[in-house]
file input29.txt (compact mmCIF, C-alpha atoms)
# COMPACT_ATOMS: atom_id res chain seq x y z
CA ALA A 750 -62.62 -7.11 -7.76
CA GLY A 751 -60.56 -7.74 -10.90
CA ALA A 752 -61.88 -4.58 -12.50
CA ALA A 753 -61.09 -2.60 -9.35
CA ALA A 754 -57.57 -3.99 -9.28
CA SER A 755 -57.02 -3.16 -12.93
CA ALA A 756 -58.21 0.38 -12.26
CA LEU A 757 -55.47 0.95 -9.70
CA PRO A 758 -52.73 3.32 -10.89
CA PRO A 759 -49.35 1.71 -11.63
CA PRO A 760 -46.72 2.05 -8.90
CA ALA A 761 -44.59 5.15 -9.08
CA PRO A 762 -41.21 4.51 -10.73
CA VAL A 763 -38.27 4.34 -8.38
CA GLU A 764 -35.76 7.12 -8.87
CA PRO A 765 -32.41 5.88 -10.22
CA ARG A 766 -30.58 7.53 -7.30
CA THR A 767 -32.76 5.58 -4.88
CA GLN A 768 -32.07 2.39 -6.85
CA LEU A 769 -28.34 2.99 -6.60
CA GLN A 770 -28.63 3.72 -2.87
CA THR A 771 -30.43 0.40 -2.43
CA LEU A 772 -27.77 -1.47 -4.39
CA VAL A 773 -24.93 0.07 -2.37
CA ARG A 774 -26.75 -0.56 0.92
CA ASP A 775 -27.28 -4.21 0.02
CA ALA A 776 -23.64 -4.56 -1.05
CA LEU A 777 -22.46 -3.09 2.26
CA ALA A 778 -24.75 -5.41 4.21
CA ARG A 779 -23.44 -8.51 2.40
CA SER A 780 -19.73 -7.66 2.34
CA ASN A 781 -17.51 -9.90 4.45
CA GLY A 782 -14.62 -7.52 3.92
CA LEU A 783 -16.63 -4.70 5.48
CA GLY A 784 -17.56 -6.94 8.39
CA ALA A 785 -13.89 -7.73 8.97
CA ALA A 786 -12.97 -4.03 8.80
CA ARG A 787 -15.71 -3.23 11.33
CA LEU A 788 -14.41 -5.86 13.74
CA LEU A 789 -10.88 -4.52 13.39
CA ALA A 790 -12.12 -1.01 14.17
CA GLU A 791 -13.95 -2.30 17.25
CA ALA A 792 -10.85 -4.20 18.35
CA ALA A 793 -8.75 -1.05 18.00
CA SER A 794 -11.25 0.81 20.23
CA GLN A 795 -10.87 -1.90 22.84
CA ASP A 796 -7.08 -1.47 22.65
CA VAL A 797 -7.54 2.19 23.57
CA GLU A 798 -9.65 1.27 26.60
CA GLU A 799 -7.03 -1.29 27.61
CA ALA A 800 -4.30 1.39 27.54
CA ARG A 801 -6.44 3.73 29.64
CA ALA A 802 -7.25 1.00 32.14
CA ALA A 803 -3.52 0.29 32.60
CA LYS A 804 -3.17 3.64 34.43
CA LYS A 805 -5.67 2.62 37.12
CA PRO A 806 -4.78 0.73 40.32
CA GLN A 807 -3.94 -2.93 39.75
CA ALA A 808 -4.57 -5.72 42.28
CA ALA A 809 -3.09 -9.22 42.24
CA PHE A 810 -3.41 -12.33 44.39
CA ASN A 811 -0.61 -14.91 44.70
CA GLY A 812 -0.88 -18.26 46.43
CA THR A 813 1.57 -21.16 46.79
CA VAL A 814 1.39 -24.53 48.52
CA GLY A 815 4.47 -26.75 48.98
CA PRO A 816 6.66 -28.71 51.40
CA ASP A 817 9.25 -27.06 53.59
CA LEU A 818 12.10 -29.05 55.16
CA SER A 819 13.94 -27.48 58.09
CA GLY A 820 16.55 -28.90 60.45
CA GLY A 821 18.72 -28.07 63.45
CA THR A 822 20.38 -29.57 66.57
CA SER A 823 17.10 -30.80 67.83
CA GLY A 824 16.31 -32.68 64.64
CA HIS A 825 14.54 -32.24 61.37
CA ALA A 826 10.95 -31.18 60.63
CA ALA A 827 8.92 -31.57 57.47
CA LEU A 828 6.19 -29.00 57.12
CA LEU A 829 3.55 -28.23 54.52
CA GLN A 830 3.43 -24.51 53.92
CA ALA A 831 0.66 -22.46 52.33
CA ARG A 832 1.43 -18.88 51.43
CA ALA A 833 -0.99 -16.19 50.21
CA SER A 834 -0.46 -12.54 49.39
CA VAL A 835 -2.48 -9.64 47.94
CA THR A 836 -0.79 -6.68 46.28
CA LEU A 837 -2.34 -3.36 45.21
CA SER A 838 -0.24 -0.99 43.09
CA GLN A 839 -0.46 1.98 40.75
CA THR A 840 2.01 3.96 38.69
CA LEU A 841 2.24 7.58 39.77
CA PHE A 842 4.73 8.88 37.23
CA ASP A 843 6.31 7.21 34.19
CA GLY A 844 7.54 10.16 32.15
CA GLY A 845 4.32 10.27 30.14
CA ARG A 846 4.80 6.79 28.70
CA SER A 847 1.26 5.63 29.53
CA ASP A 848 -0.24 8.76 27.96
CA ARG A 849 1.85 8.26 24.82
CA ILE A 850 0.66 4.65 24.61
CA ILE A 851 -2.91 5.91 24.80
CA ASP A 852 -2.13 8.39 22.00
CA TRP A 853 -0.65 5.59 19.91
CA ARG A 854 -3.64 3.31 20.42
CA SER A 855 -6.04 6.20 19.73
CA GLN A 856 -4.37 6.95 16.40
CA GLN A 857 -4.47 3.28 15.52
CA ALA A 858 -8.18 3.24 16.33
CA GLU A 859 -8.69 6.30 14.13
CA SER A 860 -6.77 4.59 11.33
CA SER A 861 -8.99 1.51 11.67
CA ARG A 862 -12.13 3.66 11.63
CA LEU A 863 -10.98 5.44 8.47
CA GLY A 864 -10.03 2.07 7.01
CA LEU A 865 -13.63 0.98 7.57
CA LEU A 866 -14.86 4.08 5.72
CA SER A 867 -12.36 3.40 2.94
CA VAL A 868 -13.72 -0.12 2.48
CA GLN A 869 -17.24 1.31 2.35
CA GLU A 870 -16.13 3.75 -0.34
CA GLN A 871 -14.51 1.00 -2.40
CA ILE A 872 -17.67 -1.08 -2.24
CA ALA A 873 -19.81 1.92 -3.22
CA LEU A 874 -17.56 2.67 -6.20
CA SER A 875 -17.42 -0.93 -7.43
CA THR A 876 -21.20 -1.31 -7.07
CA THR A 877 -21.82 1.95 -8.93
CA SER A 878 -19.42 0.93 -11.70
CA LEU A 879 -21.16 -2.43 -12.15
CA ALA A 880 -24.58 -0.77 -12.15
CA LEU A 881 -23.44 1.62 -14.89
CA GLU A 882 -21.87 -1.23 -16.89
CA ARG A 883 -25.15 -3.11 -16.63
CA ALA A 884 -26.97 -0.04 -17.98
CA ARG A 885 -24.41 0.20 -20.81
CA PHE A 886 -24.96 -3.31 -22.12
CA ARG A 887 -28.71 -3.14 -21.68
CA MET A 888 -28.76 0.04 -23.76
CA GLN A 889 -26.63 -1.68 -26.39
CA ALA A 890 -28.98 -4.67 -26.41
CA VAL A 891 -31.97 -2.37 -26.98
CA ILE A 892 -30.18 -0.56 -29.82
CA TYR A 893 -29.18 -3.81 -31.53
CA ALA A 894 -32.72 -5.17 -31.07
CA GLN A 895 -34.05 -2.13 -32.95
CA ASN A 896 -31.49 -2.78 -35.67
CA VAL A 897 -32.64 -6.39 -35.85
CA ARG A 898 -36.27 -5.28 -36.28
CA LYS A 899 -35.29 -2.80 -39.00
CA MET A 900 -33.25 -5.39 -40.88
CA GLY A 901 -36.09 -7.88 -40.43
CA CYS A 902 -38.53 -5.51 -42.09
CA LEU A 903 -36.04 -4.96 -44.90
CA VAL A 904 -35.60 -8.73 -45.41
CA GLU A 905 -39.39 -9.20 -45.56
CA ALA A 906 -39.68 -6.48 -48.18
CA LEU A 907 -36.85 -7.98 -50.24
CA GLN A 908 -38.40 -11.45 -50.06
CA THR A 909 -41.45 -10.04 -51.78
CA ILE A 910 -39.33 -8.14 -54.32
CA ALA A 911 -37.05 -11.12 -55.04
CA GLY A 912 -40.10 -13.34 -55.52
CA ALA A 913 -41.17 -11.11 -58.40
CA ASP A 914 -37.68 -10.22 -59.66
CA LYS A 915 -35.14 -13.06 -59.42
CA GLY A 916 -32.36 -10.68 -60.43
CA ARG A 917 -32.53 -9.03 -57.02
CA ALA A 918 -31.91 -12.23 -55.04
CA SER A 919 -28.37 -11.03 -54.20
CA GLU A 920 -29.89 -8.06 -52.37
CA LEU A 921 -31.95 -10.46 -50.27
CA VAL A 922 -28.80 -12.42 -49.39
CA GLN A 923 -27.02 -9.20 -48.41
CA ALA A 924 -29.95 -8.10 -46.23
CA ARG A 925 -30.09 -11.50 -44.51
CA LYS A 926 -26.36 -11.30 -43.85
CA GLN A 927 -26.79 -7.89 -42.23
CA LEU A 928 -29.71 -9.22 -40.19
CA GLN A 929 -27.57 -12.08 -38.89
CA GLN A 930 -24.80 -9.66 -37.95
CA ALA A 931 -27.29 -7.50 -36.07
CA GLU A 932 -28.63 -10.56 -34.24
CA LEU A 933 -25.07 -11.55 -33.33
CA GLN A 934 -24.38 -8.07 -31.92
CA GLN A 935 -27.62 -8.22 -29.93
CA THR A 936 -26.73 -11.65 -28.53
CA GLN A 937 -23.26 -10.46 -27.52
CA ALA A 938 -24.66 -7.41 -25.75
CA GLN A 939 -27.21 -9.54 -23.91
CA SER A 940 -24.48 -11.98 -22.87
CA GLN A 941 -22.29 -9.16 -21.56
CA ALA A 942 -25.27 -7.76 -19.65
CA ARG A 943 -25.89 -11.16 -18.04
CA GLN A 944 -22.22 -11.44 -17.05
CA VAL A 945 -22.30 -8.03 -15.35
CA GLU A 946 -25.58 -8.91 -13.63
CA ALA A 947 -24.03 -12.12 -12.31
CA LYS A 948 -21.21 -10.08 -10.75
CA LEU A 949 -23.72 -7.60 -9.36
CA ARG A 950 -25.86 -10.35 -7.84
CA ARG A 951 -22.82 -11.80 -6.13
CA ILE A 952 -22.30 -8.43 -4.44
CA VAL A 953 -25.86 -7.27 -3.72
CA GLY A 954 -27.96 -10.44 -3.96
CA ASP A 955 -30.94 -11.25 -6.15
CA GLY A 956 -33.75 -8.91 -7.07
CA LEU A 957 -31.85 -6.38 -9.16
CA PRO A 958 -33.80 -3.21 -9.97
CA GLY A 959 -34.30 -1.95 -13.50
CA THR A 960 -31.85 0.32 -15.27
CA GLU A 961 -34.32 3.04 -16.26
CA GLY A 962 -32.80 6.46 -15.68
CA MET A 963 -29.48 5.00 -14.54
CA ALA A 964 -27.74 6.72 -17.47
CA SER A 965 -28.70 10.17 -16.14
CA LEU A 966 -27.27 9.97 -12.61
CA LEU A 967 -23.81 11.51 -12.97
CA LEU A 968 -23.91 13.91 -15.88
CA ALA A 969 -22.26 16.95 -14.27
CA VAL A 970 -18.45 16.90 -14.21
CA PRO A 971 -17.27 18.21 -10.81
CA ASP A 972 -15.06 21.29 -10.85
CA LEU A 973 -11.40 20.32 -10.78
CA PRO A 974 -10.36 22.74 -7.96
CA VAL A 975 -13.18 21.45 -5.76
CA VAL A 976 -12.14 17.82 -6.22
CA LEU A 977 -8.46 18.63 -5.70
CA SER A 978 -9.18 20.43 -2.44
CA ALA A 979 -11.37 17.56 -1.25
CA ALA A 980 -8.65 15.00 -1.98
CA GLU A 981 -6.69 16.00 1.14
CA ARG A 982 -9.78 15.30 3.26
CA SER A 983 -10.40 11.86 1.79
CA THR A 984 -10.49 8.81 4.04
CA GLU A 985 -7.39 7.25 2.46
CA ILE A 986 -5.27 10.34 3.14
CA GLY A 987 -6.78 10.64 6.61
CA GLN A 988 -5.82 7.04 7.31
CA LEU A 989 -2.23 7.77 6.29
CA ASP A 990 -2.29 10.80 8.60
CA ALA A 991 -3.44 8.63 11.49
CA ASN A 992 -0.72 6.07 10.75
CA ALA A 993 1.94 8.79 10.78
CA ASN A 994 0.59 10.18 14.05
CA ALA A 995 0.65 6.70 15.56
CA LEU A 996 4.30 6.25 14.59
CA ARG A 997 5.16 9.64 16.11
CA ALA A 998 3.42 8.53 19.31
CA ILE A 999 5.48 5.32 19.28
CA ALA A 1000 8.66 7.41 19.10
CA ARG A 1001 7.55 9.33 22.20
CA VAL A 1002 6.74 6.04 23.95
CA VAL A 1003 10.30 4.85 23.34
CA GLU A 1004 11.71 8.13 24.64
CA ALA A 1005 9.55 8.03 27.78
CA GLY A 1006 10.67 4.47 28.50
CA ASN A 1007 14.09 5.80 29.58
CA LYS A 1008 12.70 8.24 32.15
CA PRO A 1009 12.32 7.67 35.93
CA GLN A 1010 9.18 5.88 37.11
CA ILE A 1011 7.41 6.19 40.46
CA SER A 1012 4.71 3.82 41.73
CA TRP A 1013 3.06 2.99 45.04
CA ASN A 1014 2.12 -0.43 46.35
CA VAL A 1015 0.34 -1.98 49.31
CA GLY A 1016 0.63 -5.67 50.10
CA GLY A 1017 -0.36 -8.21 52.68
CA ASN A 1018 0.74 -11.83 53.11
CA THR A 1019 0.15 -14.77 55.38
CA THR A 1020 1.84 -18.15 55.80
CA LEU A 1021 0.38 -21.30 57.33
CA ALA A 1022 2.68 -24.26 58.17
CA VAL A 1023 1.24 -27.71 58.96
CA GLY A 1024 3.35 -30.60 60.26
CA SER A 1025 4.66 -32.45 63.39
CA GLY A 1026 1.56 -31.55 65.31
CA THR A 1027 2.17 -27.84 65.04
CA ALA A 1028 0.54 -25.27 62.84
CA PRO A 1029 2.49 -22.03 63.06
CA ARG A 1030 0.99 -19.03 61.31
CA ASN A 1031 2.52 -15.65 60.52
CA GLY A 1032 1.60 -12.71 58.35
CA GLY A 1033 2.60 -9.22 57.40
CA LEU A 1034 1.47 -5.94 55.82
CA SER A 1035 3.66 -3.62 53.73
CA ALA A 1036 3.30 -0.33 51.90
CA GLY A 1037 5.70 1.90 50.06
CA VAL A 1038 6.70 3.97 47.08
CA THR A 1039 9.04 2.58 44.42
CA LEU A 1040 11.39 4.75 42.38
CA THR A 1041 13.01 3.27 39.26
CA ILE A 1042 15.72 5.23 37.45
CA PRO A 1043 17.26 3.74 34.28
CA LEU A 1044 21.02 4.24 34.43
CA ILE A 1045 22.57 2.58 31.41
CA ASN A 1046 20.61 1.54 28.33
CA PRO A 1047 22.77 1.71 25.20
CA ALA A 1048 19.93 0.55 22.93
CA ILE A 1049 17.48 3.37 23.76
CA GLU A 1050 19.07 5.92 21.41
CA HIS A 1051 18.93 3.53 18.47
CA SER A 1052 15.31 2.60 19.25
CA THR A 1053 14.33 6.26 19.43
CA GLN A 1054 16.01 7.14 16.15
CA ALA A 1055 14.44 4.15 14.41
CA ALA A 1056 10.96 5.17 15.64
CA ARG A 1057 11.47 8.77 14.50
CA LYS A 1058 12.62 7.69 11.05
CA ARG A 1059 9.57 5.44 10.64
CA ALA A 1060 7.36 8.40 11.51
CA GLU A 1061 9.17 10.59 8.95
CA ALA A 1062 8.83 7.83 6.33
CA ALA A 1063 5.09 7.66 7.00
CA LEU A 1064 4.78 11.41 6.41
CA LEU A 1065 6.63 11.10 3.10
CA GLN A 1066 4.38 8.19 2.08
CA ARG A 1067 1.36 10.32 2.90
CA ALA A 1068 2.69 13.20 0.78
CA GLU A 1069 3.43 10.82 -2.12
CA ALA A 1070 -0.04 9.25 -1.91
CA LEU A 1071 -1.66 12.70 -1.96
CA GLU A 1072 0.39 13.72 -4.99
CA VAL A 1073 -0.53 10.52 -6.83
CA ARG A 1074 -4.17 11.03 -5.92
CA ARG A 1075 -4.16 14.60 -7.23
CA GLN A 1076 -2.52 13.47 -10.47
CA ARG A 1077 -5.14 10.76 -10.82
CA ILE A 1078 -7.87 13.37 -10.30
CA VAL A 1079 -6.45 15.56 -13.08
CA GLU A 1080 -6.31 12.57 -15.45
CA VAL A 1081 -9.82 11.36 -14.66
CA HIS A 1082 -11.20 14.91 -14.92
CA GLU A 1083 -9.71 15.20 -18.41
CA GLN A 1084 -11.14 11.80 -19.36
CA ALA A 1085 -14.58 12.79 -18.08
CA GLY A 1086 -14.50 16.04 -20.05
CA ALA A 1087 -13.38 14.19 -23.18
CA ALA A 1088 -16.13 11.59 -22.77
CA PHE A 1089 -18.88 14.21 -22.52
CA ASP A 1090 -17.37 16.21 -25.38
CA ARG A 1091 -17.42 13.00 -27.44
CA LEU A 1092 -21.02 12.50 -26.35
CA LYS A 1093 -21.96 15.95 -27.62
CA ARG A 1094 -20.19 15.52 -30.94
CA VAL A 1095 -21.58 12.03 -31.52
CA GLY A 1096 -25.04 13.41 -30.76
CA LEU A 1097 -24.67 16.02 -33.51
CA VAL A 1098 -23.47 13.41 -36.02
CA LEU A 1099 -26.22 11.05 -34.91
CA ARG A 1100 -28.89 13.59 -35.78
CA ASP A 1101 -27.56 13.95 -39.32
CA SER A 1102 -27.10 10.18 -39.55
CA ASP A 1103 -30.79 9.68 -38.80
CA ARG A 1104 -31.74 12.06 -41.59
CA LEU A 1105 -29.34 10.40 -44.00
CA ARG A 1106 -30.64 6.89 -43.40
CA ASN A 1107 -34.24 8.03 -43.87
CA TYR A 1108 -33.39 9.85 -47.11
CA THR A 1109 -31.37 6.87 -48.37
CA LEU A 1110 -34.17 4.41 -47.63
CA GLN A 1111 -36.70 6.68 -49.28
CA GLN A 1112 -34.58 7.08 -52.41
CA TRP A 1113 -34.04 3.31 -52.60
CA GLN A 1114 -37.74 2.52 -52.17
CA GLN A 1115 -39.26 5.19 -54.40
CA LEU A 1116 -36.70 6.52 -56.80
CA GLY A 1117 -34.29 3.65 -57.29
CA ARG A 1118 -31.41 6.10 -57.08
CA ARG A 1119 -29.77 4.26 -54.18
CA SER A 1120 -28.56 0.69 -53.92
CA LEU A 1121 -29.33 -1.68 -51.08
CA PHE A 1122 -25.69 -1.42 -50.06
CA ASP A 1123 -26.18 2.30 -49.46
CA VAL A 1124 -29.24 1.56 -47.32
CA ILE A 1125 -27.44 -1.08 -45.26
CA ALA A 1126 -24.37 1.14 -44.84
CA ALA A 1127 -26.50 4.05 -43.66
CA GLU A 1128 -28.41 1.85 -41.20
CA SER A 1129 -25.24 0.24 -39.84
CA ASP A 1130 -23.56 3.61 -39.45
CA HIS A 1131 -26.59 5.01 -37.62
CA TYR A 1132 -26.84 2.17 -35.08
CA ASN A 1133 -23.08 2.11 -34.56
CA LEU A 1134 -23.26 5.82 -33.76
CA ARG A 1135 -26.03 5.13 -31.27
CA VAL A 1136 -23.82 2.55 -29.56
CA GLN A 1137 -20.96 5.08 -29.51
CA TYR A 1138 -23.33 7.61 -27.95
CA ALA A 1139 -24.33 5.13 -25.22
CA ASN A 1140 -20.70 4.23 -24.58
CA ALA A 1141 -19.67 7.88 -24.30
CA LEU A 1142 -22.56 8.52 -21.92
CA ILE A 1143 -21.61 5.64 -19.61
CA ASP A 1144 -17.88 6.38 -19.89
CA GLY A 1145 -18.46 9.94 -18.75
CA GLN A 1146 -20.55 8.79 -15.80
CA GLN A 1147 -17.95 6.19 -14.86
CA MET A 1148 -15.32 8.94 -14.78
CA ASN A 1149 -17.62 11.17 -12.72
CA ALA A 1150 -18.17 8.35 -10.23
CA THR A 1151 -14.41 7.88 -9.92
CA LEU A 1152 -13.89 11.64 -9.53
CA THR A 1153 -16.50 11.83 -6.79
CA SER A 1154 -14.89 8.88 -5.03
CA LEU A 1155 -11.44 10.49 -5.22
CA GLY A 1156 -12.86 13.71 -3.78
CA THR A 1157 -15.72 13.93 -1.33
CA GLY A 1158 -16.60 10.26 -1.73
CA LEU A 1159 -19.49 8.42 -3.37
CA THR A 1160 -20.84 7.32 0.00
CA SER A 1161 -21.47 10.90 1.12
CA TRP A 1162 -22.79 11.80 -2.36
CA LEU A 1163 -25.36 9.00 -2.18
CA GLN A 1164 -26.47 10.14 1.27

call {"tool": "encode", "arguments": {"input": "input29.txt", "output": "structure tokens"}}
result
Amino acid sequence: AGAAASALPPPAPVEPRTQLQTLVRDALARSNGLGAARLLAEAASQDVEEARAAKKPQAAFNGTVGPDLSGGTSGHAALLQARASVTLSQTLFDGGRSDRIIDWRSQQAESSRLGLLSVQEQIALSTTSLALERARFRMQAVIYAQNVRKMGCLVEALQTIAGADKGRASELVQARKQLQQAELQQTQAQSQARQVEAKLRRIVGDGLPGTEGMASLLLAVPDLPVVLSAAERSTEIGQLDANANALRAIARVVEAGNKPQISWNVGGNTTLAVGSGTAPRNGGLSAGVTLTIPLINPAIEHSTQAARKRAEAALLQRAEALEVRRQRIVEVHEQAGAAFDRLKRVGLVLRDSDRLRNYTLQQWQQLGRRSLFDVIAAESDHYNLRVQYANALIDGQQMNATLTSLGTGLTSWLQ
């Protein structure tokens, strides 16, 4: 059975895009902020239904019980009266006020829905950024670990050389110093990776996937015109649109509040009196149409103007937010292009650096034409360039993630 188990093929590696989708899905499932935004969106939907239900017929029951004292020439009588009435009414015409209230609540519900999507987008971006930061420091830790192994081999070789030639003991000290520096850099990178993983676990929970392939997810810089055109369709701008529409609806609600209103009502009542051995009972039924016409309301003009100005202010805020967003897109696009250009240039230098360190080590080992300081300098320069390459790679992907979020959205990109 053990042999059969060992013969089984290893599980297929999980694609980095799938890993990121899993991380974002777990972060969304664990987010209290997203849960609050979802409840607010559901509450706003209920507000819409409440406004629609207000246009339907309304029924009410009223009941009172209390003493009634009456008197006359024949004497006084104390009675206990019980009154009950039922009223059914409905507004027929209110100048469109009820419809405008529905429009207002609907725009508020749309704003809450887009706010929910905006929270989802923020969580997706923060999770993606942390996942890329984790990949950055893990790559650095691997690079520094390779430097530690290389310096370790060099120290071992110099221990043998210094044992035979005491005059080269200073080279051994220098190599050990460089080894300790490499170990310190490795420890720092590992510590930074653990710190990022702690933040990531707080968001997505335990069981973090590996980082293999994570550095190749977002290598293509989106076209600037495409991102700029998508910015106007983003959830944040859509939410500002909904807020402005809601404020315009409020202005129309205020205007409609000064128009005539017509409603119908049907009511029935009955009264039962108990006292002095008598129990008189009477009742009645009524129906009619009520017309209400506002005559003087000095405050309505000020309320209307205030509501209109708030709506205009919301439109200006929306335009300002869109302009800031577009400027941010231009800046991030430039940063992404610069990061990948730096990546390309560092890659070219890195190739020559690898050749130089090999030639330097060979000349030091075989020809004695190079000093140990040259070897150490070449090795340090090579590994520092590798760290710069990893940083440029992650920086470019971070900028691409931000660009995608500012445009079509990371959530839709992941789907």

call {"tool": "closest_residue", "arguments": {"input": "input29.txt", "among": "A:Ala911, A:Val1003, A:Val1095, A:Leu769", "to": "Glu1050 (chain A)", "atoms": "only C-alpha atoms"}}
result
A:Val1003

call {"tool": "closest_atom_pairs", "arguments": {"input": "input29.txt", "of": "region 953-1028 of chain A", "to": "region 874-893 of chain A", "cutoff": "9 Å", "atoms": "only C-alpha atoms", "output": "JSON lines"}}
result
{"residue": "A:Val953", "atom": "CA", "partner": "A:Thr876", "partner_atom": "CA", "distance": 8.3}
{"residue": "A:Gly959", "atom": "CA", "partner": "A:Ala884", "partner_atom": "CA", "distance": 8.8}
{"residue": "A:Thr960", "atom": "CA", "partner": "A:Ala884", "partner_atom": "CA", "distance": 5.6}
{"residue": "A:Glu961", "atom": "CA", "partner": "A:Ala884", "partner_atom": "CA", "distance": 8.2}
{"residue": "A:Met963", "atom": "CA", "partner": "A:Ala884", "partner_atom": "CA", "distance": 6.6}
{"residue": "A:Ala964", "atom": "CA", "partner": "A:Ala884", "partner_atom": "CA", "distance": 6.8}

call {"tool": "closest_residue", "arguments": {"input": "input29.txt", "among": "A:Gln1115, A:Thr1020, A:Ser1012, A:Gln988", "to": "Arg1067 (chain A)", "atoms": "only C-alpha atoms"}}
result
A:Gln988

call {"tool": "atom_distance", "arguments": {"input": "input29.txt", "atom1": "CA of Ser940 (chain A)", "atom2": "CA of Leu921 (chain A)"}}
result
28.4 Å

call {"tool": "atom_distance", "arguments": {"input": "input29.txt", "atom1": "CA of Gln1147 (chain A)", "atom2": "CA of Gln939 (chain A)"}}
result
20.4 Å

call {"tool": "residues_around", "arguments": {"input": "input29.txt", "residues": "Ser1154 (chain A)", "least_positions_apart": "2", "cutoff": "9 Å", "atoms": "only C-alpha atoms", "output": "PyMOL selection string"}}
result
chain A and resi 870-871+873-874+983+1149-1152+1156-1160+1162

call {"tool": "write_last_selection", "arguments": {"input": "input29.txt", "atoms": "C-alpha atoms", "output": "mmCIF file, in the frame of the given file"}}
result
data_model
loop_
_atom_site.group_PDB
_atom_site.id
_atom_site.type_symbol
_atom_site.label_atom_id
_atom_site.label_comp_id
_atom_site.auth_asym_id
_atom_site.auth_seq_id
_atom_site.Cartn_x
_atom_site.Cartn_y
_atom_site.Cartn_z
ATOM 1 C CA GLU A 870 -16.130 3.750 -0.340
ATOM 2 C CA GLN A 871 -14.510 1.000 -2.400
ATOM 3 C CA ALA A 873 -19.810 1.920 -3.220
ATOM 4 C CA LEU A 874 -17.560 2.670 -6.200
ATOM 5 C CA SER A 983 -10.400 11.860 1.790
ATOM 6 C CA ASN A 1149 -17.620 11.170 -12.720
ATOM 7 C CA ALA A 1150 -18.170 8.350 -10.230
ATOM 8 C CA THR A 1151 -14.410 7.880 -9.920
ATOM 9 C CA LEU A 1152 -13.890 11.640 -9.530
ATOM 10 C CA GLY A 1156 -12.860 13.710 -3.780
ATOM 11 C CA THR A 1157 -15.720 13.930 -1.330
ATOM 12 C CA GLY A 1158 -16.600 10.260 -1.730
ATOM 13 C CA LEU A 1159 -19.490 8.420 -3.370
ATOM 14 C CA THR A 1160 -20.840 7.320 0.000
ATOM 15 C CA TRP A 1162 -22.790 11.800 -2.360
#
